[in-house]
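Q: Pasting a structure below so you can have a look.
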Amino acid sequence: MYLGVNVMKTKCLAMILAGGQGSRLGALTKNIAKPAVPFGGKYRIIDFPLSNCANSGIDKVGVLTQYRPLELHTYLGTGNAWDLDTSNGGVFILPPYARDKGADWYKGTADAIYQNLNFIDMMDPEYVLILSGDHIYTMDYSKMLDAHRANKADATIGVFEVPWEEAPRFGIMNTDSVDGRIVEFEEKPAKPKSNLASMGIYIFNRSFLDKYLKADAIDEGSSHDFGKNIIPAMLNDNARLYSYAFEGYWKDVGTIESLWQANMDLLQDEPPFSFNNDWRIYSSNPSLPPHYVGPEAQVSCSMLNEGSMILGEVDHSVLFSGVKIGKGAKVTNSVVMPFTTIEENAVVDHAIVAQNCIISAGAQVVGEMGNIAVVPEGKTVESQADNSQQVS
Amino acid sequence: MSNMMGIINLDGANSMLKELCERRPVASLPVAGRYRVIDFAVSSMVNSGIDNVGVLLSAKARSVFDHLRSGKDWDLARHRGGLSYLPSDSYDGKPVTGNLSGLYHNLDYVQHTKAEYVLFAQADSLYNIDFRQMLLFHQNTGADITMLYSKAPQDIPGDTAVMKINENGRVTDIAKQMTTLRGANDFLGIYLMSKDTFNKVVTNGYERGGTDLLLDGIIRHMDEYSIFGCEHKGYVARINSTMAYYNANRSFLKPEIWNEVFMEHGAIHTKTKDAAPVQYKETAKVTNSLIANGCVIRGEVENSILFRNVTVAEGVKIKDCIVMEHCVIEDNAMLRDVICDKNVTVSKDQWLKGAENYPLIVAKGTVI
């Protein structure tokens, strides 16, 4: 592609896998892709990898979309919200497309990247950083790239220490304790030998990745997945795979419970990451006024966004923009997404209420730990105790 | 598209704004938690379909450049039209006074725009006005000049211009006064006229030694034009004194005004800063207040406006105050009837108190 004269060579190209359905989020991902799910009072999940890229100095980001991409595409726009709308770089939206010999969906994480090898060629990077669009964390990818280069690695995999009892739920890396070189990868091992879980963050040397993706593409028995196929194949060939240990807050928000918990984590007295320092989490900013807290309102241990009007009680909750809480209403231990109205004397507890809902006066939406109530987008909950869990 | 172009004047009558406008024009005075005064004029223009806005620069304009930049936040960073800055340099070595000189030396810019009409607004008021309605009024009356006014709901001290309007809506007299009396037709500093009329008003005024658009361009030539007054019935607050500033901010604590200005018509846009949602901690107690993003609150806040990124520590009591961006109020400090300009730190245990009709103003960057 002709990009003009004196274009700086791309060192590292990021590819965000944002096509998954996120079926375990149930009603919340009925109409939108998981990366577009609102999180943290103002953000969407994909803001985290995108902001990490922008803050790490990576200015070319491909976003691979497939499932329900309309809202996600609209949201990404020109990449302006993340300061990625530069003339040579930016956000590139990469849905599956038709070719001369027909069209294919993305059949797995590796296949999605394989189908975009021509995009990678066009960008011509030295390294390819693969990210998922469904994790909440702040991370400086440039440090991981430094480690990758220092190790003269073929591939580097971000790992995160999980509690031993949870290790059987993850892809576990068994490493050489001296230099972090990966000796074995086990997908969801019953008896884990290590508690280093793969975060789904990979840096590959481009030509190295290219070779394995092409080989994988013609392997009919493969499920075209990085964790299941590509990484084991690389290890099989005794390639230089290194782990990069991430310390800090990292959360997979793939289920209702974990999404709710990650929102609640933000309400600790010292939140897991400080929002207002230089490592900004960028997001699109709708033009809404500061929120108003009424004379009889009570707000504690909560996060509130712009354009909201709070006349009732809010405790241990995360409220997005344009939320209205009527007089006498009580919202506790809950997440309330944009432009939802909770009318007078309604009660919302241990719940996730999606955008544009109305919880009518006196209605109750009550879940409990381990069984968070969910109200799907656009739903009106009437007062006759429609407090069934998981409304849709 | 609306066939109007906008011109914005940064200064209003701000002689009674004291410290707040010592180093900034009234247009860049922070207001309502996250805005600057100029946002209301620019956003109203953009929401009325005006895609060509010229900002007439005056002294102390740095804060205006920093705020508006390319105009991107108002969708005014355009290939054609969009935001323009109109300098009012001195062309003959003498210092520039008044706005006529700047307008006169930028008349070529006005001529080059495609629009037929010029909407001139002083950026010293808060409102959300659909100027397309004003254009309809202007076209229906066949006026040369239409001037927007509102009926003063009470006596308002501070420099003003009031208009006498006859039963046909025609303006028969305009007078600059020190106070607007209750019920008077209070001119809002907003004019609409055709490009040709604008050209004539500015040229006639400036070439005869005039300095001020209202005084030398219009009042001295009243009999040459048919001037109509168009009444604005919605919310408006002119910032022409410290008390006016204080009261205008606090008017947004009324949900009906907050709704009318920010939610019901087009949005009021401003420079975005990616501040996180407000963090209310366990000890926070906030009532009847407007809180902007980026704030972290552990203390008590009542009847107040907190701008972006204000930190309120434990034990703090803030009542009837306006606290601008990046202020830090430390443990057990007490503030009452105070306006803190940007970046003020009030240290532990300090008590500050103004009076209900005379708020204490703490200058930008002060550490108390």
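Starting from 1 in every chain, residues are counted up; chains themselves are A, B, ... following the order of the structure tokens, and ligands are numbered from 1 as listed.
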What residues in chain A lie within 8 Å of chain B, counting only C-alpha atoms, written as an MDAnalysis selection string?
A: chainID A and resid 41:42 267 269 275:276 280:283 285 287:306
Q: Save the residues we just selected, N, CA, C and O atoms, as a compact mmCIF listing (two decimals), in the first residue's frame?
A:
# COMPACT_ATOMS: atom_id res chain seq x y z
N GLY A 41 -18.76 2.19 34.19
CA GLY A 41 -19.42 3.50 34.30
C GLY A 41 -19.30 4.36 33.07
O GLY A 41 -20.06 5.31 32.89
N LYS A 42 -18.33 4.08 32.20
CA LYS A 42 -18.11 5.00 31.08
C LYS A 42 -17.53 4.29 29.87
O LYS A 42 -17.64 4.76 28.76
N LEU A 267 -14.86 -0.38 42.93
CA LEU A 267 -15.42 0.42 44.02
C LEU A 267 -14.61 0.31 45.31
O LEU A 267 -14.95 0.93 46.30
N ASP A 269 -11.77 1.03 48.02
CA ASP A 269 -11.27 2.35 48.39
C ASP A 269 -10.05 2.72 47.54
O ASP A 269 -9.93 3.85 47.09
N PHE A 275 -7.57 5.76 37.75
CA PHE A 275 -8.16 6.17 36.47
C PHE A 275 -7.62 7.48 35.95
O PHE A 275 -7.66 7.75 34.78
N ASN A 276 -7.20 8.36 36.85
CA ASN A 276 -6.93 9.72 36.41
C ASN A 276 -5.45 10.04 36.30
O ASN A 276 -5.06 11.18 36.28
N ARG A 280 -4.26 6.94 30.80
CA ARG A 280 -5.69 7.14 30.66
C ARG A 280 -6.38 5.97 29.98
O ARG A 280 -5.81 5.38 29.07
N ILE A 281 -7.56 5.66 30.43
CA ILE A 281 -8.42 4.76 29.66
C ILE A 281 -9.28 5.68 28.82
O ILE A 281 -10.07 6.47 29.33
N TYR A 282 -9.08 5.62 27.53
CA TYR A 282 -9.84 6.49 26.63
C TYR A 282 -11.16 5.84 26.26
O TYR A 282 -11.31 4.62 26.31
N SER A 283 -12.08 6.68 25.88
CA SER A 283 -13.41 6.20 25.57
C SER A 283 -14.08 7.34 24.82
O SER A 283 -13.63 8.47 24.88
N ASN A 285 -16.53 10.28 24.36
CA ASN A 285 -17.11 11.16 25.36
C ASN A 285 -18.37 11.81 24.82
O ASN A 285 -18.29 12.74 24.03
N SER A 287 -21.45 14.35 24.84
CA SER A 287 -21.50 15.69 25.45
C SER A 287 -22.65 15.76 26.45
O SER A 287 -23.75 16.16 26.11
N LEU A 288 -22.38 15.35 27.67
CA LEU A 288 -23.41 15.39 28.70
C LEU A 288 -22.92 16.20 29.89
O LEU A 288 -21.72 16.26 30.16
N PRO A 289 -23.85 16.82 30.61
CA PRO A 289 -23.45 17.68 31.73
C PRO A 289 -23.00 16.84 32.92
O PRO A 289 -23.27 15.65 32.99
N PRO A 290 -22.34 17.49 33.90
CA PRO A 290 -22.01 16.80 35.15
C PRO A 290 -23.29 16.21 35.74
O PRO A 290 -24.38 16.76 35.52
N HIS A 291 -23.19 15.12 36.47
CA HIS A 291 -24.41 14.54 37.00
C HIS A 291 -24.91 15.36 38.19
O HIS A 291 -24.15 16.06 38.86
N TYR A 292 -26.22 15.27 38.41
CA TYR A 292 -26.84 16.03 39.48
C TYR A 292 -27.26 15.08 40.59
O TYR A 292 -27.85 14.03 40.34
N VAL A 293 -26.92 15.44 41.81
CA VAL A 293 -27.31 14.64 42.97
C VAL A 293 -28.31 15.48 43.75
O VAL A 293 -28.02 16.59 44.17
N GLY A 294 -29.52 14.98 43.93
CA GLY A 294 -30.61 15.75 44.51
C GLY A 294 -30.52 15.93 46.01
O GLY A 294 -29.67 15.33 46.66
N PRO A 295 -31.43 16.75 46.54
CA PRO A 295 -31.39 17.10 47.97
C PRO A 295 -31.59 15.90 48.90
O PRO A 295 -31.08 15.90 50.01
N GLU A 296 -32.33 14.88 48.44
CA GLU A 296 -32.57 13.74 49.33
C GLU A 296 -31.78 12.51 48.91
O GLU A 296 -32.00 11.41 49.42
N ALA A 297 -30.88 12.68 47.96
CA ALA A 297 -30.13 11.54 47.46
C ALA A 297 -29.05 11.11 48.45
O ALA A 297 -28.62 11.88 49.29
N GLN A 298 -28.66 9.84 48.34
CA GLN A 298 -27.54 9.33 49.12
C GLN A 298 -26.68 8.49 48.20
O GLN A 298 -27.17 7.54 47.61
N VAL A 299 -25.42 8.84 48.11
CA VAL A 299 -24.52 8.09 47.23
C VAL A 299 -23.27 7.71 48.01
O VAL A 299 -22.63 8.57 48.60
N SER A 300 -22.94 6.44 48.02
CA SER A 300 -21.69 6.03 48.67
C SER A 300 -21.09 4.83 47.96
O SER A 300 -21.80 4.05 47.32
N CYS A 301 -19.77 4.71 48.07
CA CYS A 301 -19.01 3.59 47.49
C CYS A 301 -19.48 3.29 46.07
O CYS A 301 -19.78 2.14 45.74
N SER A 302 -19.54 4.30 45.23
CA SER A 302 -20.09 4.10 43.88
C SER A 302 -19.32 4.92 42.86
O SER A 302 -18.56 5.82 43.22
N MET A 303 -19.52 4.57 41.58
CA MET A 303 -18.98 5.37 40.49
C MET A 303 -20.14 5.86 39.64
O MET A 303 -20.98 5.07 39.23
N LEU A 304 -20.16 7.18 39.38
CA LEU A 304 -21.26 7.76 38.62
C LEU A 304 -20.72 8.56 37.45
O LEU A 304 -19.71 9.27 37.59
N ASN A 305 -21.42 8.50 36.34
CA ASN A 305 -20.96 9.20 35.15
C ASN A 305 -21.83 10.41 34.84
O ASN A 305 -22.83 10.68 35.51
N GLU A 306 -21.43 11.12 33.76
CA GLU A 306 -22.10 12.36 33.37
C GLU A 306 -23.54 12.14 32.92
O GLU A 306 -23.91 11.06 32.49
Q: DSSP on the backbone, alpha helix (DSSP H) only: what residues of segment 107-339 of chain A does that give? Format it as an NGL selection string.
A: :A and (109-114 or 117-123 or 141-150 or 206-217 or 231-236 or 256-265)
Q: Need to verify the contact set: Asp186 of chain B, 8 Å, only C-alpha atoms, exclusion of same-chain residues closer than 4 positions in sequence. Can you return it as a list in words?
A: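 After dropping sequence-adjacent residues, the list is Tyr149, Ser150, Lys151, Ala152, Thr160, Ala161, Val162, Met163 and Thr180 of chain B.
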Q: Which polymer residues have any atom within 8 Å of an atom of Cys230 of chain B, counting only C-alpha atoms, with same-chain residues fewer than 6 positions away left out, as a compact mmCIF listing (two decimals) with N, CA, C and O atoms, in the first residue's frame?
A:
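As written to disk, part-v7.txt reads:
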# COMPACT_ATOMS: atom_id res chain seq x y z
N MET B 134 -34.76 32.26 15.16
CA MET B 134 -34.47 33.69 15.05
C MET B 134 -34.38 34.10 13.57
O MET B 134 -34.84 35.17 13.18
N PHE B 137 -37.86 34.44 12.21
CA PHE B 137 -38.40 35.71 12.69
C PHE B 137 -37.87 36.85 11.84
O PHE B 137 -38.61 37.72 11.37
N THR B 146 -31.98 42.05 13.44
CA THR B 146 -32.79 41.48 14.52
C THR B 146 -31.89 41.33 15.74
O THR B 146 -30.76 40.84 15.63
N MET B 147 -32.39 41.81 16.87
CA MET B 147 -31.62 41.72 18.11
C MET B 147 -32.40 40.86 19.11
O MET B 147 -33.58 41.06 19.32
N LEU B 148 -31.69 39.90 19.72
CA LEU B 148 -32.35 38.96 20.63
C LEU B 148 -32.35 39.52 22.05
O LEU B 148 -31.34 40.05 22.51
N TYR B 149 -33.50 39.43 22.71
CA TYR B 149 -33.56 39.94 24.09
C TYR B 149 -34.37 38.98 24.92
O TYR B 149 -35.06 38.09 24.42
N GLY B 169 -43.07 45.22 17.34
CA GLY B 169 -41.84 44.48 17.54
C GLY B 169 -40.61 45.26 17.13
O GLY B 169 -39.48 44.78 17.18
Q: Excluding segment 132-147 of chain A and any residue of its chain fewer than 5 positions from it, enumerate the residues within 6 Å of it, using only C-alpha atoms, and give them as an MDAnalysis selection string.
A: chainID A and resid 16:18 35 45:46 52 56 249:252
Q: Excluding Ser63 of chain B and residues on its chain fewer than 6 positions from it, collect all residues at most 10 Å away from it, counting only C-alpha atoms, and give them as a list in words.
A: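 Near neighbours after the sequence-gap exclusion: Arg23, Arg24, Pro25, Ala27, Ser28, Leu29 and Arg69 of chain B.
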Q: Which residues come within 10 Å of segment 345-358 of chain B, counting only C-alpha atoms, excluding same-chain residues fewer than 5 positions away, as a PyMOL selection string?
A: chain B and resi 242-243+246-247+310-313+315-321+326-340+364-368
Q: Once you have the residues from the selection above, write them out as a tab-separated table (two decimals), in the first residue's frame, restricted to N, CA, C and O atoms.
A:
chain	number	residue	atom	x	y	z
B	242	THR	N	-19.63	39.04	39.42
B	242	THR	CA	-19.31	37.85	40.20
B	242	THR	C	-20.58	37.17	40.70
B	242	THR	O	-20.70	35.95	40.65
B	243	MET	N	-21.54	37.98	41.15
B	243	MET	CA	-22.79	37.40	41.64
B	243	MET	C	-23.54	36.71	40.51
B	243	MET	O	-24.15	35.65	40.71
B	246	TYR	N	-21.90	33.42	40.00
B	246	TYR	CA	-22.24	32.53	41.12
B	246	TYR	C	-23.67	31.99	40.96
B	246	TYR	O	-23.92	30.79	41.03
B	247	ASN	N	-24.60	32.90	40.68
B	247	ASN	CA	-26.01	32.49	40.55
B	247	ASN	C	-26.26	31.63	39.31
B	247	ASN	O	-27.05	30.70	39.35
B	310	VAL	N	-11.73	17.24	40.90
B	310	VAL	CA	-11.60	17.84	42.22
B	310	VAL	C	-11.51	16.71	43.25
B	310	VAL	O	-12.22	15.71	43.15
B	311	THR	N	-10.61	16.87	44.21
B	311	THR	CA	-10.48	15.87	45.27
B	311	THR	C	-11.02	16.45	46.57
B	311	THR	O	-10.60	17.52	47.00
B	312	VAL	N	-11.97	15.75	47.16
B	312	VAL	CA	-12.57	16.20	48.43
B	312	VAL	C	-12.24	15.15	49.48
B	312	VAL	O	-12.77	14.04	49.45
B	313	ALA	N	-11.36	15.50	50.43
B	313	ALA	CA	-10.88	14.52	51.41
B	313	ALA	C	-11.90	14.32	52.53
B	313	ALA	O	-12.91	15.02	52.61
B	315	GLY	N	-13.80	14.33	55.98
B	315	GLY	CA	-14.03	15.37	56.98
B	315	GLY	C	-14.26	16.75	56.41
B	315	GLY	O	-14.56	17.69	57.13
B	316	VAL	N	-14.13	16.89	55.10
B	316	VAL	CA	-14.32	18.20	54.46
B	316	VAL	C	-15.81	18.53	54.42
B	316	VAL	O	-16.65	17.65	54.24
B	317	LYS	N	-16.13	19.82	54.60
B	317	LYS	CA	-17.50	20.29	54.42
B	317	LYS	C	-17.48	21.42	53.40
B	317	LYS	O	-16.86	22.45	53.63
B	318	ILE	N	-18.18	21.21	52.29
B	318	ILE	CA	-18.27	22.24	51.25
B	318	ILE	C	-19.73	22.60	51.09
B	318	ILE	O	-20.56	21.73	50.83
B	319	LYS	N	-20.05	23.88	51.26
B	319	LYS	CA	-21.45	24.28	51.13
B	319	LYS	C	-21.55	25.56	50.33
B	319	LYS	O	-20.78	26.49	50.56
B	320	ASP	N	-22.49	25.62	49.40
B	320	ASP	CA	-22.70	26.81	48.58
B	320	ASP	C	-21.43	27.29	47.91
B	320	ASP	O	-21.11	28.48	47.94
B	321	CYS	N	-20.70	26.38	47.30
B	321	CYS	CA	-19.41	26.73	46.70
B	321	CYS	C	-19.35	26.34	45.23
B	321	CYS	O	-20.11	25.50	44.76
B	326	HIS	N	-9.37	20.55	39.11
B	326	HIS	CA	-8.10	20.18	39.75
B	326	HIS	C	-7.87	20.82	41.10
B	326	HIS	O	-6.73	20.97	41.52
B	327	CYS	N	-8.93	21.23	41.79
B	327	CYS	CA	-8.72	21.73	43.16
B	327	CYS	C	-8.60	20.54	44.10
B	327	CYS	O	-9.18	19.48	43.87
B	328	VAL	N	-7.83	20.73	45.16
B	328	VAL	CA	-7.68	19.68	46.16
B	328	VAL	C	-8.11	20.28	47.50
B	328	VAL	O	-7.56	21.28	47.95
B	329	ILE	N	-9.13	19.69	48.10
B	329	ILE	CA	-9.59	20.16	49.39
B	329	ILE	C	-9.20	19.09	50.42
B	329	ILE	O	-9.75	17.99	50.41
B	330	GLU	N	-8.25	19.43	51.27
B	330	GLU	CA	-7.67	18.41	52.16
B	330	GLU	C	-8.49	18.19	53.42
B	330	GLU	O	-9.43	18.95	53.71
B	331	ASP	N	-8.10	17.19	54.18
B	331	ASP	CA	-8.86	16.71	55.34
B	331	ASP	C	-9.43	17.82	56.23
B	331	ASP	O	-8.70	18.73	56.62
B	332	ASN	N	-10.68	17.70	56.57
B	332	ASN	CA	-11.36	18.55	57.55
B	332	ASN	C	-11.41	20.03	57.19
B	332	ASN	O	-11.73	20.85	58.04
B	333	ALA	N	-11.07	20.39	55.97
B	333	ALA	CA	-11.20	21.79	55.58
B	333	ALA	C	-12.68	22.12	55.44
B	333	ALA	O	-13.50	21.23	55.21
B	334	MET	N	-13.03	23.39	55.64
B	334	MET	CA	-14.43	23.79	55.50
B	334	MET	C	-14.53	24.98	54.55
B	334	MET	O	-13.83	25.97	54.73
B	335	LEU	N	-15.40	24.89	53.56
B	335	LEU	CA	-15.58	25.99	52.61
B	335	LEU	C	-17.05	26.34	52.55
B	335	LEU	O	-17.90	25.46	52.38
B	336	ARG	N	-17.33	27.64	52.66
B	336	ARG	CA	-18.71	28.06	52.55
B	336	ARG	C	-18.78	29.37	51.79
B	336	ARG	O	-18.03	30.30	52.07
B	337	ASP	N	-19.66	29.46	50.80
B	337	ASP	CA	-19.77	30.64	49.94
B	337	ASP	C	-18.41	31.02	49.36
B	337	ASP	O	-17.97	32.16	49.47
B	338	VAL	N	-17.75	30.05	48.74
B	338	VAL	CA	-16.42	30.29	48.18
B	338	VAL	C	-16.42	29.89	46.71
B	338	VAL	O	-17.09	28.93	46.32
B	339	ILE	N	-15.70	30.67	45.89
B	339	ILE	CA	-15.43	30.26	44.51
B	339	ILE	C	-13.94	29.98	44.43
B	339	ILE	O	-13.13	30.88	44.61
B	340	CYS	N	-13.55	28.72	44.21
B	340	CYS	CA	-12.14	28.37	44.04
B	340	CYS	C	-11.85	28.30	42.56
B	340	CYS	O	-12.43	27.48	41.86
B	364	LYS	N	-6.66	31.48	40.95
B	364	LYS	CA	-6.10	30.29	40.31
B	364	LYS	C	-4.75	29.90	40.92
B	364	LYS	O	-3.87	30.73	41.08
B	365	GLY	N	-4.61	28.63	41.26
B	365	GLY	CA	-3.32	28.11	41.70
B	365	GLY	C	-2.93	28.42	43.14
B	365	GLY	O	-1.84	28.06	43.57
B	366	THR	N	-3.79	29.08	43.89
B	366	THR	CA	-3.43	29.45	45.27
B	366	THR	C	-3.37	28.21	46.16
B	366	THR	O	-4.19	27.31	46.05
B	367	VAL	N	-2.40	28.19	47.07
B	367	VAL	CA	-2.35	27.15	48.10
B	367	VAL	C	-2.66	27.82	49.42
B	367	VAL	O	-1.99	28.76	49.82
B	368	ILE	N	-3.73	27.37	50.08
B	368	ILE	CA	-4.13	27.99	51.34
B	368	ILE	C	-3.82	27.05	52.48
B	368	ILE	O	-4.25	25.91	52.47
Q: For a quick check of understanding, using only C-alpha atoms, which of A:Glu187, A:Glu368, A:Glu71, A:Glu270 has the smallest distance to Val37 of chain A?
A: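 Going through A:Glu187, A:Glu368, A:Glu71, A:Glu270 one by one, the smallest distance to Val37 of chain A is for A:Glu71.
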Q: Can you list, as a ChimeraX atom specification, every residue of segment 81-244 of chain B that DSSP puts in strand (DSSP E)?
A: /B:82-86,117-122,125-126,145-151,156-165,171-180,185-194,227-231,237-238
Q: Could you please determine the separation between atom CA of Leu76 of chain B and atom CA of Asp51 of chain B in Å, to one decimal place?
A: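 Computed distance, atom CA of Leu76 of chain B to atom CA of Asp51 of chain B, equals 6.6 Å.
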Q: Point out the residue among B:Leu10, B:Leu20, B:Thr197, B:Met4 with the least atom-to-atom distance to Val362 of chain B, counting only C-alpha atoms.
A: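 Nearest to Val362 of chain B: B:Leu20.
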Q: What is the distance, in Å and to one decimal place, between atom CA of Tyr127 of chain B and atom CA of Lys233 of chain B?
A: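 A separation of 10.7 Å between them.
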Q: In Å to one decimal, how far is atom CA of Asp278 of chain A from atom CA of Gly79 of chain A?
A: 19.2 Å
Q: So which one's closest to Gly108 of chain A, A:Pro192, A:Pro125, A:Gly20, A:Gly171? Using only C-alpha atoms, please.
A: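 Ranked by minimum distance to Gly108 of chain A, first place goes to A:Gly20.
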Q: Report as JSON lines: every residue of segment 92-200 of chain A with an atom at most 10 Å from segment 218-224 of chain A, its closest pair of atoms, and their distance in Å to one decimal, counting only C-alpha atoms, with rows sorted by chain and ascending residue number.
A:
{"residue": "A:Tyr106", "atom": "CA", "partner": "A:His224", "partner_atom": "CA", "distance": 9.4}
{"residue": "A:Lys107", "atom": "CA", "partner": "A:His224", "partner_atom": "CA", "distance": 6.8}
{"residue": "A:Gly108", "atom": "CA", "partner": "A:His224", "partner_atom": "CA", "distance": 5.0}
{"residue": "A:Thr109", "atom": "CA", "partner": "A:His224", "partner_atom": "CA", "distance": 6.5}
{"residue": "A:Ala110", "atom": "CA", "partner": "A:His224", "partner_atom": "CA", "distance": 5.0}
{"residue": "A:Asp111", "atom": "CA", "partner": "A:His224", "partner_atom": "CA", "distance": 5.4}
{"residue": "A:Ala112", "atom": "CA", "partner": "A:His224", "partner_atom": "CA", "distance": 8.6}
{"residue": "A:Ile113", "atom": "CA", "partner": "A:His224", "partner_atom": "CA", "distance": 9.8}
{"residue": "A:Tyr114", "atom": "CA", "partner": "A:His224", "partner_atom": "CA", "distance": 9.2}
Q: Given the choices A:Arg240, A:Arg149, A:Lys34, A:Lys211, which gets closest to Val183 of chain A if the distance is worked out from only C-alpha atoms?
A: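 Comparing A:Arg240, A:Arg149, A:Lys34, A:Lys211 against Val183 of chain A, the winner is A:Arg240.
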